[in-house]
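Here is the file protein31.cif (mmCIF, C-alpha atoms and all ligand atoms).
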data_model
loop_
_atom_site.label_atom_id
_atom_site.label_comp_id
_atom_site.auth_asym_id
_atom_site.auth_seq_id
_atom_site.Cartn_x
_atom_site.Cartn_y
_atom_site.Cartn_z
CA MET A 13 -50.99 7.21 -22.68
CA SER A 14 -50.60 8.23 -19.05
CA GLU A 15 -52.49 6.68 -16.17
CA VAL A 16 -55.57 8.68 -15.37
CA ALA A 17 -57.86 8.24 -12.41
CA THR A 18 -61.48 7.73 -13.34
CA LYS A 19 -62.63 10.08 -10.59
CA PRO A 20 -64.54 13.03 -12.03
CA ALA A 21 -62.05 15.76 -11.23
CA ALA A 22 -63.50 19.23 -11.74
CA GLY A 23 -60.72 20.24 -14.12
CA GLY A 24 -58.90 17.02 -14.85
CA PRO A 25 -57.21 16.01 -18.08
CA ILE A 26 -58.89 16.78 -21.40
CA ARG A 27 -60.50 13.56 -22.48
CA VAL A 28 -62.07 13.34 -25.91
CA LEU A 29 -64.39 10.55 -26.98
CA SER A 30 -66.48 10.13 -30.08
CA GLY A 31 -68.02 7.36 -32.14
CA ILE A 32 -69.00 6.58 -35.68
CA GLN A 33 -71.19 3.80 -37.06
CA PRO A 34 -69.73 1.27 -39.52
CA THR A 35 -72.80 1.43 -41.74
CA GLY A 36 -73.16 2.66 -45.31
CA ASN A 37 -70.53 4.88 -46.85
CA LEU A 38 -68.92 7.71 -44.96
CA HIS A 39 -69.81 11.01 -46.59
CA ILE A 40 -68.55 14.58 -46.49
CA GLY A 41 -71.16 15.40 -43.79
CA ASN A 42 -69.55 12.87 -41.41
CA TYR A 43 -66.15 14.17 -42.45
CA ILE A 44 -66.81 17.89 -42.00
CA GLY A 45 -69.08 17.62 -38.94
CA ALA A 46 -67.15 14.96 -37.00
CA VAL A 47 -63.93 13.52 -38.42
CA THR A 48 -62.11 16.83 -39.04
CA GLN A 49 -62.80 17.75 -35.40
CA TRP A 50 -61.50 14.37 -34.22
CA VAL A 51 -58.25 14.96 -36.08
CA ALA A 52 -57.86 18.55 -34.87
CA MET A 53 -58.48 17.60 -31.24
CA GLN A 54 -55.44 15.32 -31.10
CA GLN A 55 -53.45 17.78 -29.01
CA PRO A 56 -50.53 17.00 -26.70
CA ASP A 57 -52.57 17.90 -23.59
CA SER A 58 -55.51 15.68 -24.48
CA GLU A 59 -56.28 11.96 -24.37
CA ASN A 60 -58.43 10.87 -27.27
CA PHE A 61 -60.63 7.81 -27.69
CA TYR A 62 -62.31 7.14 -31.03
CA CYS A 63 -64.67 4.28 -31.33
CA ILE A 64 -66.27 2.44 -34.27
CA VAL A 65 -69.69 1.71 -32.84
CA ASP A 66 -70.70 -1.64 -34.31
CA LEU A 67 -73.12 -2.32 -31.42
CA HIS A 68 -75.01 0.81 -32.42
CA ALA A 69 -75.09 -0.37 -36.02
CA ILE A 70 -77.07 -3.51 -35.13
CA THR A 71 -80.02 -1.51 -33.77
CA VAL A 72 -81.19 -1.90 -37.38
CA PRO A 73 -80.67 -5.12 -39.39
CA GLN A 74 -77.15 -5.58 -40.81
CA ASP A 75 -75.61 -8.23 -43.01
CA PRO A 76 -72.95 -9.86 -40.74
CA LYS A 77 -70.23 -10.11 -43.40
CA GLU A 78 -70.86 -6.57 -44.59
CA LEU A 79 -70.75 -5.24 -41.01
CA ARG A 80 -67.26 -6.67 -40.43
CA LYS A 81 -66.10 -5.36 -43.79
CA LYS A 82 -67.43 -1.89 -43.02
CA THR A 83 -65.87 -1.91 -39.55
CA ARG A 84 -62.40 -2.38 -41.07
CA GLU A 85 -63.19 0.07 -43.87
CA VAL A 86 -64.17 2.82 -41.42
CA ALA A 87 -61.02 2.15 -39.38
CA ALA A 88 -58.89 2.55 -42.52
CA ILE A 89 -60.73 5.76 -43.48
CA LEU A 90 -60.20 7.26 -40.02
CA LEU A 91 -56.48 6.46 -40.11
CA ALA A 92 -56.27 7.88 -43.62
CA ALA A 93 -58.07 11.03 -42.47
CA GLY A 94 -55.38 11.63 -39.86
CA ILE A 95 -56.35 9.73 -36.72
CA ASP A 96 -52.91 8.94 -35.36
CA PRO A 97 -52.67 5.78 -33.23
CA LYS A 98 -49.77 7.35 -31.34
CA ARG A 99 -52.00 10.20 -30.18
CA SER A 100 -55.43 8.52 -30.11
CA VAL A 101 -56.88 5.19 -29.07
CA LEU A 102 -58.84 3.82 -32.04
CA PHE A 103 -60.98 0.79 -31.26
CA VAL A 104 -64.11 -1.20 -32.07
CA GLN A 105 -66.88 -0.79 -29.48
CA SER A 106 -67.88 -4.47 -29.25
CA GLN A 107 -64.28 -5.42 -28.40
CA VAL A 108 -64.54 -3.55 -25.10
CA LEU A 109 -67.15 -5.46 -23.11
CA ALA A 110 -67.60 -2.71 -20.53
CA HIS A 111 -69.71 -0.74 -23.06
CA THR A 112 -72.49 -3.33 -23.02
CA GLU A 113 -72.22 -3.76 -19.29
CA LEU A 114 -72.47 -0.08 -18.43
CA ALA A 115 -75.27 0.38 -20.98
CA TRP A 116 -77.41 -2.13 -19.05
CA ILE A 117 -76.74 -0.50 -15.70
CA LEU A 118 -77.48 2.98 -17.07
CA SER A 119 -80.66 1.74 -18.75
CA CYS A 120 -81.90 0.87 -15.27
CA VAL A 121 -81.50 4.44 -14.07
CA THR A 122 -82.85 6.09 -17.24
CA PRO A 123 -86.56 6.88 -17.26
CA TYR A 124 -88.33 5.34 -20.25
CA GLY A 125 -89.95 8.71 -21.08
CA TRP A 126 -86.53 10.34 -21.63
CA LEU A 127 -85.80 7.80 -24.38
CA ALA A 128 -89.23 7.86 -26.01
CA ARG A 129 -88.82 11.64 -26.41
CA MET A 130 -85.64 11.44 -28.54
CA THR A 131 -86.34 12.87 -31.99
CA GLN A 132 -84.06 10.36 -33.76
CA PHE A 133 -85.99 7.51 -32.16
CA LYS A 134 -89.32 9.07 -33.10
CA ASP A 135 -88.22 9.51 -36.75
CA LYS A 136 -86.64 6.08 -37.16
CA SER A 137 -89.34 4.15 -35.31
CA GLN A 138 -92.02 5.83 -37.40
CA LYS A 139 -90.27 4.54 -40.53
CA GLN A 140 -89.72 1.03 -39.15
CA ARG A 141 -93.05 0.62 -37.39
CA GLU A 142 -93.45 -2.97 -36.04
CA ASP A 143 -89.83 -3.78 -36.90
CA THR A 144 -88.54 -1.17 -34.45
CA SER A 145 -86.18 -2.95 -32.03
CA ALA A 146 -85.95 -2.23 -28.31
CA GLY A 147 -82.29 -1.49 -29.08
CA LEU A 148 -83.31 1.48 -31.20
CA LEU A 149 -85.03 2.94 -28.13
CA THR A 150 -82.10 2.28 -25.78
CA TYR A 151 -79.51 3.35 -28.39
CA PRO A 152 -78.74 6.68 -26.60
CA VAL A 153 -78.06 4.82 -23.33
CA LEU A 154 -75.34 2.82 -25.09
CA MET A 155 -73.99 6.11 -26.42
CA ALA A 156 -74.00 7.52 -22.88
CA ALA A 157 -72.07 4.44 -21.74
CA ASP A 158 -69.49 4.99 -24.51
CA ILE A 159 -68.87 8.50 -23.27
CA LEU A 160 -69.12 8.08 -19.48
CA LEU A 161 -66.89 4.99 -19.33
CA TYR A 162 -63.93 7.15 -20.39
CA GLN A 163 -64.82 10.12 -18.15
CA ALA A 164 -64.80 12.15 -21.38
CA SER A 165 -64.79 15.92 -21.00
CA GLN A 166 -65.44 16.70 -24.68
CA VAL A 167 -67.45 14.95 -27.34
CA PRO A 168 -67.02 16.20 -30.92
CA VAL A 169 -70.17 15.48 -32.94
CA GLY A 170 -72.44 16.83 -35.67
CA GLU A 171 -75.50 18.88 -34.76
CA ASP A 172 -77.85 15.88 -35.00
CA GLN A 173 -76.27 14.38 -31.86
CA LYS A 174 -76.91 17.40 -29.64
CA GLN A 175 -80.01 15.91 -28.05
CA HIS A 176 -78.24 12.60 -27.33
CA LEU A 177 -75.43 14.53 -25.63
CA GLU A 178 -77.92 16.38 -23.44
CA LEU A 179 -79.44 13.04 -22.49
CA THR A 180 -75.97 11.68 -21.64
CA ARG A 181 -75.42 14.60 -19.30
CA ASP A 182 -78.84 14.05 -17.68
CA ILE A 183 -78.14 10.34 -17.17
CA ALA A 184 -74.71 11.08 -15.65
CA MET A 185 -76.15 13.67 -13.25
CA ARG A 186 -78.97 11.36 -12.24
CA PHE A 187 -76.54 8.49 -11.56
CA ASN A 188 -74.24 10.81 -9.58
CA ARG A 189 -77.18 12.03 -7.49
CA MET A 190 -78.35 8.47 -6.81
CA PHE A 191 -74.99 6.80 -6.12
CA GLY A 192 -72.49 9.59 -5.42
CA GLU A 193 -70.09 11.41 -7.76
CA THR A 194 -68.99 8.82 -10.32
CA PHE A 195 -69.12 10.28 -13.80
CA ARG A 196 -67.66 13.40 -15.27
CA ILE A 197 -70.24 15.56 -17.06
CA PRO A 198 -69.22 15.80 -20.75
CA GLU A 199 -69.54 18.80 -23.04
CA PRO A 200 -70.55 18.52 -26.70
CA ARG A 201 -68.22 20.04 -29.30
CA ILE A 202 -70.27 21.15 -32.29
CA LEU A 203 -68.78 23.23 -35.11
CA ASP A 204 -70.11 26.70 -35.97
CA VAL A 205 -69.64 25.92 -39.67
CA GLY A 206 -70.51 22.50 -41.10
CA ALA A 207 -72.26 20.87 -38.13
CA ARG A 208 -75.20 19.96 -40.36
CA ILE A 209 -74.36 19.35 -44.01
CA MET A 210 -77.51 18.83 -46.04
CA GLY A 211 -78.34 16.40 -48.85
CA LEU A 212 -77.35 17.63 -52.31
CA ASP A 213 -80.62 16.39 -53.80
CA ASP A 214 -82.76 17.81 -51.00
CA PRO A 215 -81.12 20.59 -48.99
CA VAL A 216 -83.72 20.53 -46.23
CA LYS A 217 -82.71 16.96 -45.26
CA LYS A 218 -79.49 16.17 -43.37
CA MET A 219 -76.91 14.41 -45.56
CA SER A 220 -77.21 10.80 -44.46
CA LYS A 221 -75.68 7.43 -45.23
CA SER A 222 -79.02 5.74 -45.54
CA GLU A 223 -80.61 7.79 -48.34
CA GLU A 224 -81.13 5.87 -51.56
CA ASN A 225 -80.78 8.61 -54.18
CA PRO A 226 -77.18 8.24 -55.46
CA SER A 227 -76.90 12.02 -55.84
CA HIS A 228 -77.81 12.64 -52.19
CA ALA A 229 -74.34 12.40 -50.63
CA VAL A 230 -70.73 12.76 -51.70
CA ASN A 231 -68.88 9.79 -50.27
CA LEU A 232 -65.30 10.04 -49.09
CA MET A 233 -64.14 7.41 -51.56
CA ASP A 234 -65.98 8.82 -54.60
CA PRO A 235 -63.68 9.29 -57.61
CA PRO A 236 -63.36 12.83 -59.08
CA ASP A 237 -65.80 12.34 -61.98
CA VAL A 238 -68.50 11.06 -59.61
CA ILE A 239 -67.96 14.03 -57.29
CA ARG A 240 -68.25 16.45 -60.25
CA ARG A 241 -71.46 14.77 -61.43
CA LYS A 242 -73.06 14.83 -57.98
CA PHE A 243 -72.37 18.54 -57.51
CA GLN A 244 -73.57 19.32 -61.03
CA ARG A 245 -76.91 17.74 -60.13
CA ALA A 246 -77.19 19.51 -56.76
CA THR A 247 -80.51 21.23 -56.12
CA THR A 248 -80.32 25.04 -56.05
CA ASP A 249 -83.04 27.63 -56.78
CA SER A 250 -84.04 30.23 -59.37
CA LEU A 251 -82.86 33.34 -57.50
CA ALA A 252 -79.49 33.37 -59.28
CA THR A 253 -77.60 35.05 -56.42
CA ILE A 254 -74.76 33.50 -54.50
CA ALA A 255 -74.88 34.44 -50.83
CA PHE A 256 -74.90 32.76 -47.41
CA THR A 257 -78.63 33.19 -46.79
CA GLU A 258 -80.75 30.57 -45.02
CA GLU A 259 -83.59 31.12 -47.53
CA GLN A 260 -81.39 29.64 -50.27
CA ALA A 261 -80.92 26.24 -48.62
CA GLY A 262 -79.18 24.55 -51.57
CA VAL A 263 -76.79 27.42 -52.28
CA PHE A 264 -76.11 27.88 -48.56
CA ASN A 265 -75.18 24.20 -48.30
CA LEU A 266 -72.82 24.36 -51.30
CA LEU A 267 -71.18 27.49 -49.90
CA THR A 268 -70.80 25.85 -46.48
CA ILE A 269 -69.11 22.82 -48.03
CA TYR A 270 -66.83 25.19 -49.96
CA GLN A 271 -66.05 27.13 -46.79
CA SER A 272 -65.23 23.94 -44.87
CA PHE A 273 -62.90 22.63 -47.55
CA THR A 274 -61.11 25.92 -48.34
CA GLY A 275 -61.06 27.52 -44.89
CA GLN A 276 -61.93 30.91 -46.41
CA SER A 277 -64.21 33.48 -44.77
CA ARG A 278 -67.82 33.96 -45.85
CA GLU A 279 -67.02 37.49 -47.07
CA ALA A 280 -64.14 36.29 -49.25
CA ILE A 281 -66.30 33.51 -50.72
CA GLU A 282 -69.22 35.82 -51.49
CA ALA A 283 -66.83 38.29 -53.14
CA GLN A 284 -65.28 35.49 -55.21
CA PHE A 285 -68.67 34.40 -56.58
CA ALA A 286 -70.30 37.82 -56.94
CA GLY A 287 -72.02 38.06 -60.34
CA ARG A 288 -71.24 34.45 -61.25
CA GLY A 289 -73.69 31.61 -61.98
CA TYR A 290 -74.56 28.43 -60.10
CA GLY A 291 -72.66 26.36 -62.69
CA ASP A 292 -69.41 28.09 -61.67
CA LEU A 293 -70.18 27.62 -57.98
CA LYS A 294 -70.86 23.89 -58.42
CA LYS A 295 -67.63 23.41 -60.36
CA ALA A 296 -65.59 25.28 -57.77
CA VAL A 297 -67.09 23.30 -54.86
CA ALA A 298 -66.48 20.01 -56.68
CA GLU A 299 -62.82 20.87 -57.33
CA ALA A 300 -62.27 21.96 -53.71
CA VAL A 301 -63.75 18.68 -52.43
CA ILE A 302 -61.77 16.57 -54.94
CA GLU A 303 -58.56 18.33 -53.90
CA GLY A 304 -59.41 18.08 -50.18
CA LEU A 305 -60.18 14.35 -50.33
CA LYS A 306 -57.18 13.42 -52.51
CA PRO A 307 -54.65 12.84 -49.70
CA LEU A 308 -57.23 10.86 -47.70
CA GLN A 309 -58.05 8.65 -50.68
CA GLU A 310 -54.38 8.00 -51.39
CA ARG A 311 -53.59 7.08 -47.78
CA TYR A 312 -56.71 4.90 -47.57
CA ALA A 313 -55.37 2.65 -50.31
CA VAL A 314 -52.22 2.07 -48.23
CA PHE A 315 -54.09 1.17 -45.01
CA ALA A 316 -56.67 -0.99 -46.79
CA LYS A 317 -53.89 -3.06 -48.35
CA ASP A 318 -52.68 -4.35 -45.00
CA PRO A 319 -55.64 -5.78 -43.05
CA GLY A 320 -53.25 -7.64 -40.70
CA GLN A 321 -51.71 -4.38 -39.51
CA LEU A 322 -55.14 -2.78 -39.24
CA ASP A 323 -56.47 -5.62 -37.07
CA ALA A 324 -53.40 -5.53 -34.83
CA LEU A 325 -53.87 -1.80 -34.37
CA LEU A 326 -57.54 -2.19 -33.46
CA LYS A 327 -56.72 -4.97 -31.01
CA GLU A 328 -54.13 -2.80 -29.34
CA GLY A 329 -56.66 0.04 -29.23
CA ALA A 330 -59.25 -2.22 -27.57
CA ALA A 331 -56.73 -3.29 -24.91
CA LYS A 332 -55.86 0.34 -24.07
CA ALA A 333 -59.54 1.33 -24.04
CA SER A 334 -60.47 -1.67 -21.83
CA ALA A 335 -57.88 -0.67 -19.24
CA VAL A 336 -59.56 2.72 -18.78
CA ALA A 337 -63.15 1.47 -19.15
CA ASN A 338 -62.67 -1.36 -16.64
CA ARG A 339 -61.62 1.08 -13.95
CA THR A 340 -64.88 3.00 -14.35
CA ILE A 341 -66.90 -0.21 -14.38
CA ALA A 342 -65.27 -1.37 -11.15
CA THR A 343 -66.29 1.90 -9.47
CA VAL A 344 -69.83 1.55 -10.84
CA TRP A 345 -70.18 -2.01 -9.47
CA GLU A 346 -69.05 -0.76 -6.09
CA ARG A 347 -71.44 2.20 -6.08
CA VAL A 348 -74.44 0.18 -7.26
CA GLY A 349 -73.68 -2.82 -5.03
CA LEU A 350 -73.32 -5.39 -7.76
CA GLY A 351 -71.60 -8.76 -7.24
CA ILE A 352 -70.10 -9.77 -3.94
CA GLY A 353 -67.35 -7.18 -3.71
CA GLY A 354 -63.64 -7.72 -3.16
CA GLY A 355 -62.64 -7.15 -6.80
P1 LIG A 401 -75.94 9.16 -41.14
O1 LIG A 401 -77.17 9.90 -40.74
O2 LIG A 401 -75.15 9.85 -42.17
O3 LIG A 401 -76.25 7.74 -41.44
P2 LIG A 401 -75.37 9.00 -38.44
O4 LIG A 401 -75.52 10.35 -37.82
O5 LIG A 401 -76.53 8.13 -38.36
O6 LIG A 401 -74.92 9.17 -39.93
P3 LIG A 401 -72.69 8.23 -37.69
O7 LIG A 401 -72.12 7.71 -38.93
O8 LIG A 401 -72.34 7.45 -36.50
O9 LIG A 401 -74.25 8.21 -37.73
O10 LIG A 401 -72.25 9.74 -37.48
C1 LIG A 401 -70.92 10.03 -37.22
C2 LIG A 401 -70.76 11.49 -36.93
O11 LIG A 401 -71.07 12.25 -38.11
C3 LIG A 401 -71.67 12.01 -35.84
O12 LIG A 401 -70.94 12.89 -35.01
C4 LIG A 401 -72.74 12.78 -36.58
O13 LIG A 401 -73.29 13.82 -35.83
C5 LIG A 401 -71.94 13.32 -37.76
N1 LIG A 401 -72.81 13.59 -38.92
C6 LIG A 401 -73.64 12.72 -39.54
N2 LIG A 401 -74.27 13.31 -40.58
C7 LIG A 401 -73.81 14.60 -40.61
C8 LIG A 401 -74.09 15.73 -41.47
N3 LIG A 401 -74.95 15.63 -42.46
N4 LIG A 401 -73.46 16.89 -41.22
C9 LIG A 401 -72.58 17.02 -40.19
N5 LIG A 401 -72.27 15.99 -39.36
C10 LIG A 401 -72.88 14.80 -39.55
N1 LIG A 402 -74.98 8.05 -31.93
C1 LIG A 402 -73.94 8.55 -32.77
C2 LIG A 402 -72.74 7.66 -32.83
C3 LIG A 402 -72.14 7.47 -31.48
C4 LIG A 402 -71.41 8.44 -30.71
C5 LIG A 402 -71.05 7.76 -29.50
C6 LIG A 402 -71.03 9.75 -30.93
C7 LIG A 402 -72.20 6.34 -30.74
N2 LIG A 402 -71.55 6.51 -29.56
C8 LIG A 402 -70.33 8.42 -28.50
C9 LIG A 402 -70.32 10.40 -29.91
C10 LIG A 402 -69.99 9.73 -28.72
C11 LIG A 402 -74.53 8.72 -34.17
O1 LIG A 402 -75.48 8.09 -34.53
N3 LIG A 402 -73.96 9.53 -34.97
#
Written as structure tokens, that's how I'd like the structure from this file.
Amino acid sequence: MSEVATKPAAGGPIRVLSGIQPTGNLHIGNYIGAVTQWVAMQQPDSENFYCIVDLHAITVPQDPKELRKKTREVAAILLAAGIDPKRSVLFVQSQVLAHTELAWILSCVTPYGWLARMTQFKDKSQKQREDTSAGLLTYPVLMAADILLYQASQVPVGEDQKQHLELTRDIAMRFNRMFGETFRIPEPRILDVGARIMGLDDPVKKMSKSEENPSHAVNLMDPPDVIRRKFQRATTDSLATIAFTEEQAGVFNLLTIYQSFTGQSREAIEAQFAGRGYGDLKKAVAEAVIEGLKPLQERYAVFAKDPGQLDALLKEGAAKASAVANRTIATVWERVGLGIGGG
């Protein structure tokens, strides 16, 4: 990776950063909405940083052993999905100390009201009540630190992260106004198709890792028979027509998953299913997903077998990420007047 100044050049190199939490099982929503974009954005003219955000994971209670296990598991899944360590820096957030450091500094320039207004915080804190941690409130500041440390120009995410990206931009602009131009203002990259995959059991709820119903999400490591069963049970409706209409939330979701996995146009898909029943649709979607996940599942087994190589790769990633992040942090110290100066 070439040397890049951390100054926020107007054009500047294309820098991509995104993060994923090592919690629960990765599902096809994460895959379609985020991971496929991460893979596609590994272009020769772009510098890519992908981060497994374990510090975000601990905003809610985690079992320590399980967290470490999941961190390695997510790394292996990302490599299996096509994240190429020659073209991207893959690392674990907590291994780059600058994330925590910048998060604190940014939290001191972020108005409390901006955080209290975040819909994800409102939803999650309502569920957790007294157990809500202060970290859950400041979670988006840590996310802003992840992005701004690398002077990222583009951030590929699912639709649910749009508000957090807007907040990141607001924090960066506020800091720049207060202390002089320091951070580049990042742009979200959200897909037109598949940015919000819904739960199979309840198509008005976003597909999520934390739902308990086993038929809610299709996980990336699900074997074919489990995938078939989950799609068979998917909620549809009694209209018995197969079309991309928002009123038919369940059918729309199945068609969107089919579109994402086959790459076909909406017109071609509607023509293919014209006059056919929901049973046929469910079978076809299941087979497309099974086929689409097969190479990933096969490669995963190879990466998971060699934890030594995986750890070495993540360590190398953290060293490369630290080199970039530390340059930004040094500028921030200078601008804010922290320490005693002189490096
Ligand atoms: P979940 O809600 O499934 O637990 P999350 O959004 O809390 O996931 P991450 O695992 O960190 O947290 O999300 C990783 C990426 O996947 C993010 O870019 C997020 O926007 C995207 N993503 C999560 N769920 C979906 C979904 N249902 N459809 C499309 N993209 C999604
Ligand atoms: N908050 C995100 C995960 C995340 C992220 C990031 C995404 C943490 N840091 C930086 C993009 C860029 C989530 O919950 N899905």
Shell of 9 Å around range 188-202 of chain A, all atoms listed in the file, local chain residues under 6 positions omitted, as a short mmCIF file (atom, residue, chain, number, x, y, z; two decimals) with C-alpha atoms, in the frame of the given file:
data_model
loop_
_atom_site.label_atom_id
_atom_site.label_comp_id
_atom_site.auth_asym_id
_atom_site.auth_seq_id
_atom_site.Cartn_x
_atom_site.Cartn_y
_atom_site.Cartn_z
CA THR A 18 -61.48 7.73 -13.34
CA LYS A 19 -62.63 10.08 -10.59
CA PRO A 20 -64.54 13.03 -12.03
CA ALA A 21 -62.05 15.76 -11.23
CA ALA A 22 -63.50 19.23 -11.74
CA GLY A 45 -69.08 17.62 -38.94
CA ALA A 46 -67.15 14.96 -37.00
CA GLN A 49 -62.80 17.75 -35.40
CA VAL A 121 -81.50 4.44 -14.07
CA ILE A 159 -68.87 8.50 -23.27
CA LEU A 160 -69.12 8.08 -19.48
CA LEU A 161 -66.89 4.99 -19.33
CA TYR A 162 -63.93 7.15 -20.39
CA GLN A 163 -64.82 10.12 -18.15
CA ALA A 164 -64.80 12.15 -21.38
CA SER A 165 -64.79 15.92 -21.00
CA GLN A 166 -65.44 16.70 -24.68
CA VAL A 167 -67.45 14.95 -27.34
CA PRO A 168 -67.02 16.20 -30.92
CA VAL A 169 -70.17 15.48 -32.94
CA GLY A 170 -72.44 16.83 -35.67
CA GLU A 171 -75.50 18.88 -34.76
CA GLN A 173 -76.27 14.38 -31.86
CA LYS A 174 -76.91 17.40 -29.64
CA LEU A 177 -75.43 14.53 -25.63
CA GLU A 178 -77.92 16.38 -23.44
CA THR A 180 -75.97 11.68 -21.64
CA ARG A 181 -75.42 14.60 -19.30
CA ASP A 182 -78.84 14.05 -17.68
CA THR A 340 -64.88 3.00 -14.35
CA THR A 343 -66.29 1.90 -9.47
CA VAL A 344 -69.83 1.55 -10.84
CA ARG A 347 -71.44 2.20 -6.08
CA VAL A 348 -74.44 0.18 -7.26
#
Exercise. Could you tell me, counting all atoms listed in the file, which protein and nucleic acid residues lie no more than 6 Å from ligand LIG 401 (chain A), written as a ChimeraX atom specification?
Key: /A:32-33,41-42,45-46,169-173,206-210,218-222
Exercise. Calculate how many Å separate CA of Ala128 in chain A from CA of Gln175 in chain A, rounding to one decimal.
Key: 12.4 Å
Quiz item: What gap, in Å, lies between CA of Trp345 in chain A and CA of Ile117 in chain A?
Solution: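 Taking CA of Trp345 in chain A as the start and CA of Ile117 in chain A as the end point, the length is 9.2 Å.
We find CA of Pro319 in chain A and CA of Val301 in chain A to be spaced 27.4 Å apart.
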Quiz item: How would you write as a ChimeraX atom specification the residues that get within 9 Å of (-60.6, 17.6, -60.2) in the file's frame, counting all atoms listed in the file?
Solution: /A:236-237,239-240,298-303
Please save C-alpha atoms of the selected residues as an mmCIF file, in the coordinates of the input.
data_model
loop_
_atom_site.group_PDB
_atom_site.id
_atom_site.type_symbol
_atom_site.label_atom_id
_atom_site.label_comp_id
_atom_site.auth_asym_id
_atom_site.auth_seq_id
_atom_site.Cartn_x
_atom_site.Cartn_y
_atom_site.Cartn_z
ATOM 1 C CA PRO A 236 -63.360 12.830 -59.080
ATOM 2 C CA ASP A 237 -65.800 12.340 -61.980
ATOM 3 C CA ILE A 239 -67.960 14.030 -57.290
ATOM 4 C CA ARG A 240 -68.250 16.450 -60.250
ATOM 5 C CA ALA A 298 -66.480 20.010 -56.680
ATOM 6 C CA GLU A 299 -62.820 20.870 -57.330
ATOM 7 C CA ALA A 300 -62.270 21.960 -53.710
ATOM 8 C CA VAL A 301 -63.750 18.680 -52.430
ATOM 9 C CA ILE A 302 -61.770 16.570 -54.940
ATOM 10 C CA GLU A 303 -58.560 18.330 -53.900
#
Self-check item: range 226-233 of chain A environment, 6 Å, only C-alpha atoms, sequence neighbours closer than 4 positions dropped, as number ranges by chain
Solution: A: 38-40, 211-213, 242
Is it possible to get the axis-aligned box enclosing ligand LIG 402 (chain A) (all listed atoms, 3 Å extra per side) as AutoDock Vina command-line options, with centre and edge lengths in Å rounded to one decimal?
--center_x -72.7 --center_y 8.4 --center_z -31.7 --size_x 11.5 --size_y 10.1 --size_z 12.5
Quiz item: For Leu350 in chain A, which of A:Phe243, A:Arg278, A:Leu114, A:Leu326 is the closest residue, counting only C-alpha atoms?
Solution: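 Smallest separation from Leu350 in chain A among the options: A:Leu114.
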Practice problem: May I ask which of the residues A:Ile95, A:Ile44, A:Leu154, A:Ala255 is the closest one to ligand LIG 402 (chain A), counting only C-alpha atoms and all ligand atoms? | Solution: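 Selected residue with least distance to ligand LIG 402 (chain A): A:Leu154.
Across A:Asp135, A:Leu91, A:Thr112, A:Asp158, the tightest approach to ligand LIG 402 (chain A) is made by A:Asp158 when counting all atoms listed in the file.
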Quiz item: Of the candidates A:Leu127, A:Val263, A:Ile341, A:Ile64, which shows the shortest atom-to-atom distance to Val104 in chain A, using only C-alpha atoms?
Solution: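 With only C-alpha atoms as the atom set, the closest residue is A:Ile64.
Minimum atom-to-atom distance to ligand LIG 402 (chain A), evaluated using all atoms listed in the file, belongs to A:Asp66 out of A:Glu259, A:Asp66, A:Glu310, A:Asp204.
Of the listed residues A:Arg241, A:Lys306, A:His68, A:Lys139, the one whose atoms come nearest to Ser106 in chain A is A:His68, with distances taken using only C-alpha atoms.
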Exercise. Counting only C-alpha atoms, find the residues whose atoms lie at most 12 Å from (-54.4, -0.3, -48.2) (file coordinates) and write them out as a list in words.
Key: Arg84, Glu85, Ala87, Ala88, Ile89, Leu91, Ala92, Leu308, Gln309, Glu310, Arg311, Tyr312, Ala313, Val314, Phe315, Ala316, Lys317, Asp318, Pro319, Gly320, Gln321 and Leu322 of chain A
Quiz item: If we count only C-alpha atoms, what is near Phe285 in chain A at a cut-off of 9 Å, once residues fewer than 5 positions away on the same chain are taken out, given as a PyMOL selection string?
Solution: chain A and resi 253-255+280+292-293
Exercise. Determine, counting only C-alpha atoms, which protein, DNA and RNA residues have an atom within 7 Å of an atom of Pro34 in chain A; residues of the same chain fewer than 5 positions away are not included. Present the result as a PyMOL selection string.
Key: chain A and resi 64-66+69+79+82-83+86
Those selected residues, please, written with C-alpha atoms and delivered as a PDB file, in the coordinates of the input.
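again27.pdb, freshly written:
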ATOM      1  CA  ILE A  64     -66.270   2.440 -34.270  1.00  0.00           C
ATOM      2  CA  VAL A  65     -69.690   1.710 -32.840  1.00  0.00           C
ATOM      3  CA  ASP A  66     -70.700  -1.640 -34.310  1.00  0.00           C
ATOM      4  CA  ALA A  69     -75.090  -0.370 -36.020  1.00  0.00           C
ATOM      5  CA  LEU A  79     -70.750  -5.240 -41.010  1.00  0.00           C
ATOM      6  CA  LYS A  82     -67.430  -1.890 -43.020  1.00  0.00           C
ATOM      7  CA  THR A  83     -65.870  -1.910 -39.550  1.00  0.00           C
ATOM      8  CA  VAL A  86     -64.170   2.820 -41.420  1.00  0.00           C
TER       9      VAL A  86
END
